[in-house]
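upload08.pdb, holding PDB, C-alpha atoms:
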ATOM      1  CA  MET A   1     125.320  58.813 110.156
ATOM      2  CA  SER A   2     128.103  59.274 112.706
ATOM      3  CA  ASN A   3     125.406  59.699 115.373
ATOM      4  CA  LEU A   4     124.048  56.234 114.554
ATOM      5  CA  SER A   5     127.557  54.828 114.787
ATOM      6  CA  THR A   6     128.123  56.513 118.142
ATOM      7  CA  THR A   7     124.836  55.185 119.528
ATOM      8  CA  SER A   8     125.663  51.693 118.285
ATOM      9  CA  ASP A   9     129.118  51.899 119.881
ATOM     10  CA  ASP A  10     127.586  53.129 123.154
ATOM     11  CA  ILE A  11     125.162  50.200 123.155
ATOM     12  CA  LEU A  12     127.980  47.709 122.525
ATOM     13  CA  ALA A  13     130.200  49.256 125.213
ATOM     14  CA  CYS A  14     127.365  49.124 127.706
ATOM     15  CA  ALA A  15     126.542  45.513 126.826
ATOM     16  CA  ARG A  16     130.193  44.593 127.265
ATOM     17  CA  SER A  17     130.359  46.066 130.781
ATOM     18  CA  LEU A  18     127.032  44.429 131.707
ATOM     19  CA  ILE A  19     128.274  41.017 130.507
ATOM     20  CA  VAL A  20     131.446  41.431 132.577
ATOM     21  CA  ALA A  21     129.282  42.326 135.580
ATOM     22  CA  GLY A  22     126.636  39.612 135.238
ATOM     23  CA  GLY A  23     126.984  37.407 132.175
ATOM     24  CA  TYR A  24     124.727  36.913 129.182
ATOM     25  CA  ASN A  25     121.508  36.528 131.146
ATOM     26  CA  GLY A  26     122.428  39.236 133.649
ATOM     27  CA  PHE A  27     121.146  42.167 131.597
ATOM     28  CA  SER A  28     118.275  43.252 129.387
ATOM     29  CA  TYR A  29     117.643  45.950 126.816
ATOM     30  CA  ALA A  30     115.960  47.945 129.596
ATOM     31  CA  ASP A  31     119.270  47.966 131.498
ATOM     32  CA  ILE A  32     121.101  49.262 128.430
ATOM     33  CA  ALA A  33     118.413  51.874 127.784
ATOM     34  CA  ASP A  34     118.823  53.189 131.336
ATOM     35  CA  VAL A  35     122.612  53.423 131.123
ATOM     36  CA  VAL A  36     122.881  54.799 127.582
ATOM     37  CA  GLY A  37     119.867  57.088 127.966
ATOM     38  CA  ILE A  38     117.844  55.872 124.976
ATOM     39  CA  ARG A  39     114.592  54.025 124.456
ATOM     40  CA  LYS A  40     114.520  50.237 124.117
ATOM     41  CA  ALA A  41     113.100  50.703 120.617
ATOM     42  CA  SER A  42     116.284  52.528 119.650
ATOM     43  CA  ILE A  43     118.356  49.548 120.745
ATOM     44  CA  HIS A  44     116.155  47.234 118.668
ATOM     45  CA  HIS A  45     116.757  49.546 115.694
ATOM     46  CA  HIS A  46     120.502  48.845 115.931
ATOM     47  CA  PHE A  47     120.303  45.266 117.194
ATOM     48  CA  PRO A  48     116.932  43.574 116.585
ATOM     49  CA  SER A  49     117.584  40.961 119.278
ATOM     50  CA  LYS A  50     119.911  40.315 122.190
ATOM     51  CA  VAL A  51     121.477  37.522 120.131
ATOM     52  CA  ASP A  52     122.320  40.041 117.381
ATOM     53  CA  LEU A  53     123.775  42.430 119.946
ATOM     54  CA  VAL A  54     126.014  39.923 121.731
ATOM     55  CA  ARG A  55     127.060  38.170 118.502
ATOM     56  CA  THR A  56     128.124  41.553 117.091
ATOM     57  CA  LEU A  57     129.882  42.441 120.339
ATOM     58  CA  VAL A  58     131.890  39.204 120.406
ATOM     59  CA  ALA A  59     132.761  39.449 116.706
ATOM     60  CA  ARG A  60     134.010  43.002 117.235
ATOM     61  CA  TYR A  61     135.878  41.931 120.373
ATOM     62  CA  ARG A  62     137.656  39.231 118.369
ATOM     63  CA  GLU A  63     138.557  41.746 115.655
ATOM     64  CA  GLU A  64     139.971  44.122 118.286
ATOM     65  CA  THR A  65     141.973  41.282 119.816
ATOM     66  CA  GLU A  66     143.341  40.250 116.433
ATOM     67  CA  ALA A  67     144.282  43.873 115.667
ATOM     68  CA  GLY A  68     146.030  44.131 119.046
ATOM     69  CA  ILE A  69     147.942  40.921 118.358
ATOM     70  CA  ALA A  70     148.943  42.170 114.904
ATOM     71  CA  ASN A  71     150.261  45.338 116.549
ATOM     72  CA  VAL A  72     152.302  43.279 119.036
ATOM     73  CA  GLU A  73     153.708  41.211 116.155
ATOM     74  CA  LEU A  74     154.595  44.395 114.277
ATOM     75  CA  HIS A  75     156.459  46.046 117.140
ATOM     76  CA  GLU A  76     157.936  43.111 119.048
ATOM     77  CA  SER A  77     159.517  40.003 117.513
ATOM     78  CA  ASP A  78     160.733  38.312 120.698
ATOM     79  CA  PRO A  79     158.281  35.502 121.614
ATOM     80  CA  LEU A  80     158.748  35.826 125.388
ATOM     81  CA  GLU A  81     158.219  39.582 125.210
ATOM     82  CA  GLN A  82     155.074  39.006 123.133
ATOM     83  CA  LEU A  83     153.665  36.798 125.867
ATOM     84  CA  ARG A  84     154.681  39.346 128.506
ATOM     85  CA  ILE A  85     152.941  42.111 126.560
ATOM     86  CA  TYR A  86     149.788  39.997 126.263
ATOM     87  CA  ALA A  87     149.761  39.131 129.976
ATOM     88  CA  GLY A  88     150.746  42.713 130.847
ATOM     89  CA  TYR A  89     147.794  44.062 128.899
ATOM     90  CA  TRP A  90     145.401  42.049 131.051
ATOM     91  CA  GLU A  91     147.307  42.858 134.227
ATOM     92  CA  ALA A  92     146.856  46.579 133.512
ATOM     93  CA  CYS A  93     143.180  46.177 132.593
ATOM     94  CA  ILE A  94     142.498  44.311 135.819
ATOM     95  CA  ALA A  95     144.463  46.805 137.923
ATOM     96  CA  ASN A  96     142.644  49.853 136.568
ATOM     97  CA  ALA A  97     139.304  48.012 136.181
ATOM     98  CA  SER A  98     139.017  49.172 132.549
ATOM     99  CA  ALA A  99     138.455  45.601 131.310
ATOM    100  CA  PRO A 100     138.733  43.318 134.344
ATOM    101  CA  PHE A 101     137.747  40.169 132.477
ATOM    102  CA  CYS A 102     137.807  38.748 128.958
ATOM    103  CA  ILE A 103     134.174  38.660 127.827
ATOM    104  CA  CYS A 104     134.815  35.536 125.782
ATOM    105  CA  ALA A 105     136.187  33.730 128.844
ATOM    106  CA  LEU A 106     133.060  34.733 130.768
ATOM    107  CA  LEU A 107     130.751  33.696 127.958
ATOM    108  CA  ALA A 108     132.615  30.401 127.521
ATOM    109  CA  SER A 109     131.493  29.453 131.021
ATOM    110  CA  GLU A 110     127.920  29.930 129.797
ATOM    111  CA  LEU A 111     128.254  28.012 126.497
ATOM    112  CA  PRO A 112     125.665  25.343 127.379
ATOM    113  CA  VAL A 113     122.949  27.999 127.638
ATOM    114  CA  LEU A 114     124.111  30.517 125.016
ATOM    115  CA  PRO A 115     122.370  30.863 121.658
ATOM    116  CA  GLU A 116     124.286  29.016 118.924
ATOM    117  CA  GLU A 117     125.145  32.223 117.040
ATOM    118  CA  VAL A 118     126.882  33.625 120.103
ATOM    119  CA  SER A 119     128.591  30.300 120.902
ATOM    120  CA  LEU A 120     130.091  30.193 117.397
ATOM    121  CA  GLU A 121     131.635  33.647 117.866
ATOM    122  CA  VAL A 122     133.023  32.758 121.292
ATOM    123  CA  ARG A 123     134.602  29.579 119.910
ATOM    124  CA  ALA A 124     136.046  31.541 116.979
ATOM    125  CA  HIS A 125     137.739  33.908 119.452
ATOM    126  CA  PHE A 126     139.324  31.005 121.341
ATOM    127  CA  ARG A 127     140.514  29.380 118.102
ATOM    128  CA  SER A 128     142.051  32.650 116.911
ATOM    129  CA  LEU A 129     143.829  33.328 120.205
ATOM    130  CA  SER A 130     145.014  29.721 120.438
ATOM    131  CA  ALA A 131     146.432  29.848 116.898
ATOM    132  CA  TRP A 132     148.461  32.964 117.715
ATOM    133  CA  LEU A 133     149.720  31.613 121.035
ATOM    134  CA  THR A 134     150.681  28.336 119.324
ATOM    135  CA  SER A 135     152.701  30.253 116.740
ATOM    136  CA  VAL A 136     154.462  32.167 119.536
ATOM    137  CA  MET A 137     155.290  28.902 121.336
ATOM    138  CA  GLU A 138     156.583  27.370 118.092
ATOM    139  CA  ARG A 139     158.854  30.351 117.389
ATOM    140  CA  GLY A 140     160.121  30.466 120.952
ATOM    141  CA  ALA A 141     160.974  26.762 120.894
ATOM    142  CA  ARG A 142     162.532  26.919 117.438
ATOM    143  CA  HIS A 143     164.820  29.779 118.475
ATOM    144  CA  GLY A 144     165.781  28.069 121.720
ATOM    145  CA  GLN A 145     164.066  30.677 123.901
ATOM    146  CA  PHE A 146     161.368  28.410 125.357
ATOM    147  CA  ARG A 147     161.609  25.167 127.244
ATOM    148  CA  LEU A 148     158.316  23.482 126.375
ATOM    149  CA  MET A 149     157.049  20.601 128.480
ATOM    150  CA  SER A 150     154.542  19.585 125.796
ATOM    151  CA  THR A 151     153.587  20.432 122.210
ATOM    152  CA  PRO A 152     153.379  24.114 121.245
ATOM    153  CA  ARG A 153     149.600  23.749 120.911
ATOM    154  CA  ALA A 154     149.249  22.217 124.384
ATOM    155  CA  GLU A 155     151.496  24.922 125.847
ATOM    156  CA  ALA A 156     149.400  27.593 124.107
ATOM    157  CA  GLU A 157     146.192  26.161 125.547
ATOM    158  CA  ALA A 158     147.768  25.961 129.020
ATOM    159  CA  PHE A 159     148.965  29.560 128.744
ATOM    160  CA  MET A 160     145.528  30.782 127.655
ATOM    161  CA  ALA A 161     143.808  28.801 130.433
ATOM    162  CA  THR A 162     146.255  30.165 133.007
ATOM    163  CA  VAL A 163     145.662  33.773 131.934
ATOM    164  CA  HIS A 164     141.886  33.289 132.083
ATOM    165  CA  GLY A 165     142.184  31.475 135.411
ATOM    166  CA  ALA A 166     144.325  34.310 136.772
ATOM    167  CA  MET A 167     141.536  36.737 135.850
ATOM    168  CA  LEU A 168     139.095  34.573 137.783
ATOM    169  CA  SER A 169     141.403  34.356 140.800
ATOM    170  CA  ALA A 170     141.931  38.130 140.824
ATOM    171  CA  ARG A 171     138.165  38.579 140.785
ATOM    172  CA  ALA A 172     137.539  35.924 143.441
ATOM    173  CA  TYR A 173     140.075  37.422 145.837
ATOM    174  CA  GLY A 174     139.194  41.008 144.963
ATOM    175  CA  ASP A 175     142.905  41.582 144.453
ATOM    176  CA  PRO A 176     144.295  42.643 141.045
ATOM    177  CA  LYS A 177     147.824  41.648 142.150
ATOM    178  CA  ILE A 178     146.821  37.965 142.132
ATOM    179  CA  PHE A 179     146.888  38.046 138.324
ATOM    180  CA  ALA A 180     150.680  38.541 138.237
ATOM    181  CA  VAL A 181     151.148  36.065 141.084
ATOM    182  CA  VAL A 182     149.582  33.399 138.836
ATOM    183  CA  THR A 183     150.984  34.401 135.439
ATOM    184  CA  GLY A 184     154.525  35.385 136.478
ATOM    185  CA  PRO A 185     155.755  31.861 137.262
ATOM    186  CA  LEU A 186     154.291  30.584 133.979
ATOM    187  CA  LEU A 187     156.301  33.092 131.978
ATOM    188  CA  GLU A 188     159.439  32.213 133.922
ATOM    189  CA  ARG A 189     158.870  28.493 133.430
ATOM    190  CA  LEU A 190     158.814  28.954 129.657
ATOM    191  CA  ARG A 191     162.262  30.574 129.616
ATOM    192  CA  ALA A 192     164.905  28.213 128.238
ATOM    193  CA  SER A 193     167.543  29.631 130.563
ATOM    194  CA  PRO A 194     166.128  30.370 133.990
ATOM    195  CA  ARG A 195     167.627  33.296 135.839
ATOM    196  CA  ILE A 196     170.366  32.368 138.290
ATOM    197  CA  PRO A 197     169.662  33.857 141.713
ATOM    198  CA  ALA A 198     172.175  36.508 142.758
TER     199      ALA A 198
END

The structure given in the file should be rewritten as structure tokens.
Amino acid sequence: MSNLSTTSDDILACARSLIVAGGYNGFSYADIADVVGIRKASIHHHFPSKVDLVRTLVARYREETEAGIANVELHESDPLEQLRIYAGYWEACIANASAPFCICALLASELPVLPEEVSLEVRAHFRSLSAWLTSVMERGARHGQFRLMSTPRAEAEAFMATVHGAMLSARAYGDPKIFAVVTGPLLERLRASPRIPA
């Protein structure tokens, strides 16, 4: 039984890296079979169709994200630090190329051509992330830590879009450092009391 689970996990991990490299239509079961070292029929045993595979991948990705957010909430109560941890996670992933892009951000750019089942999962990820970021903005504003230029929801959406845009810029320039160049000023702008230059 654990062997089946391992094979399934290997298939999902491979699909994730192939989506990051080329999007939804940029890979086939033959590509996964080559990388994982199994027959295409074995992939179909775990995931009868590509839709099933990517829907499962995105659902699991959302669950992992929600678990990561819960862990941040558990260990850090300061709203600004929570946002720094979130941005720092992506900065590290981009720098070491372990997860250089959010698969949901990539798939969102393909929404018009994605199967509906996959689109629903991608949208669910964005709603979940937006809800958490909105709650962080609300807490930061309520405690006088954030200077919001708009509603907490609008600020959350702007923050999420900036993080995803910073990923895109880092990829476009081939320079992981661009991510912090883009996200750093956003974090500073949110601070209620800007640092006074020495």

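The residue that comes closest to Arg139 in chain A, out of A:Pro79, A:Gly174, A:Gly88, A:Pro185 and on the basis of all atoms listed in the file, is A:Pro79.
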
Q | Neighbour list for Ser42 in chain A as number ranges by chain, cut-off 12 Å, all atoms listed in the file, skip fewer than 4 positions in-chain | A | A: 4, 7-8, 10-11, 29-30, 32-34, 36-38, 46-49

Q: Just give me the gap between CA of Ala13 in chain A and CA of Ile178 in chain A in Å, one decimal is fine.
A: 26.3 Å

On this structure, the PyMOL selection byres ((chain A and resi 50) around 10) would catch which residues? List them as a short mmCIF file (atom, residue, chain, number, x, y, z; two decimals) with C-alpha atoms, keeping the file's coordinate frame, sorted by chain and number.
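Contents of the output file expr_6.cif:
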data_model
loop_
_atom_site.label_atom_id
_atom_site.label_comp_id
_atom_site.auth_asym_id
_atom_site.auth_seq_id
_atom_site.Cartn_x
_atom_site.Cartn_y
_atom_site.Cartn_z
CA ALA A 15 126.54 45.51 126.83
CA TYR A 24 124.73 36.91 129.18
CA ASN A 25 121.51 36.53 131.15
CA PHE A 27 121.15 42.17 131.60
CA SER A 28 118.28 43.25 129.39
CA TYR A 29 117.64 45.95 126.82
CA ILE A 43 118.36 49.55 120.74
CA HIS A 44 116.16 47.23 118.67
CA PHE A 47 120.30 45.27 117.19
CA PRO A 48 116.93 43.57 116.58
CA SER A 49 117.58 40.96 119.28
CA VAL A 51 121.48 37.52 120.13
CA ASP A 52 122.32 40.04 117.38
CA LEU A 53 123.78 42.43 119.95
CA VAL A 54 126.01 39.92 121.73
CA ARG A 55 127.06 38.17 118.50
CA THR A 56 128.12 41.55 117.09
CA PRO A 115 122.37 30.86 121.66
CA VAL A 118 126.88 33.62 120.10
#

Q. Using the chain letters and numbers from the file, which residues does the PyMOL selection byres ((chain A and resi 187) around 10) grab, as number ranges by chain?
A. A: 80-81, 83-84, 87, 146, 159, 182-186, 188-191

Okay, now the selection with C-alpha atoms, as a compact mmCIF listing (two decimals), in the frame of the given file?
# COMPACT_ATOMS: atom_id res chain seq x y z
CA LEU A 80 158.75 35.83 125.39
CA GLU A 81 158.22 39.58 125.21
CA LEU A 83 153.66 36.80 125.87
CA ARG A 84 154.68 39.35 128.51
CA ALA A 87 149.76 39.13 129.98
CA PHE A 146 161.37 28.41 125.36
CA PHE A 159 148.96 29.56 128.74
CA VAL A 182 149.58 33.40 138.84
CA THR A 183 150.98 34.40 135.44
CA GLY A 184 154.52 35.38 136.48
CA PRO A 185 155.76 31.86 137.26
CA LEU A 186 154.29 30.58 133.98
CA GLU A 188 159.44 32.21 133.92
CA ARG A 189 158.87 28.49 133.43
CA LEU A 190 158.81 28.95 129.66
CA ARG A 191 162.26 30.57 129.62

Q: Using the chain letters and numbers from the file, give me the residues hit by the PyMOL selection byres ((chain A and resi 160) around 12), as a PyMOL selection string.
A: chain A and resi 83+86-87+90+102+104-105+125-134+137+153-159+161-167+183+186-187

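CA of Leu114 in chain A lies 17.8 Å from CA of Leu12 in chain A.
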
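Distance-wise, CA of Ala192 in chain A and CA of Ser150 in chain A end up 13.7 Å apart.
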
Each side padded by 5 Å, which centre and which edge lengths in Å (one decimal) define the axis-aligned box around the listed atoms of range 159-170 of chain A? Give them as JSON.
{"center_x": 144.0, "center_y": 33.5, "center_z": 134.2, "size_x": 19.9, "size_y": 19.3, "size_z": 23.2}

Q. Can you list, as number ranges by chain, every protein, DNA or RNA residue that comes within 10 Å of Glu76 in chain A when you count all atoms listed in the file, leaving out same-chain residues fewer than 6 positions away?
A. A: 70, 82, 85
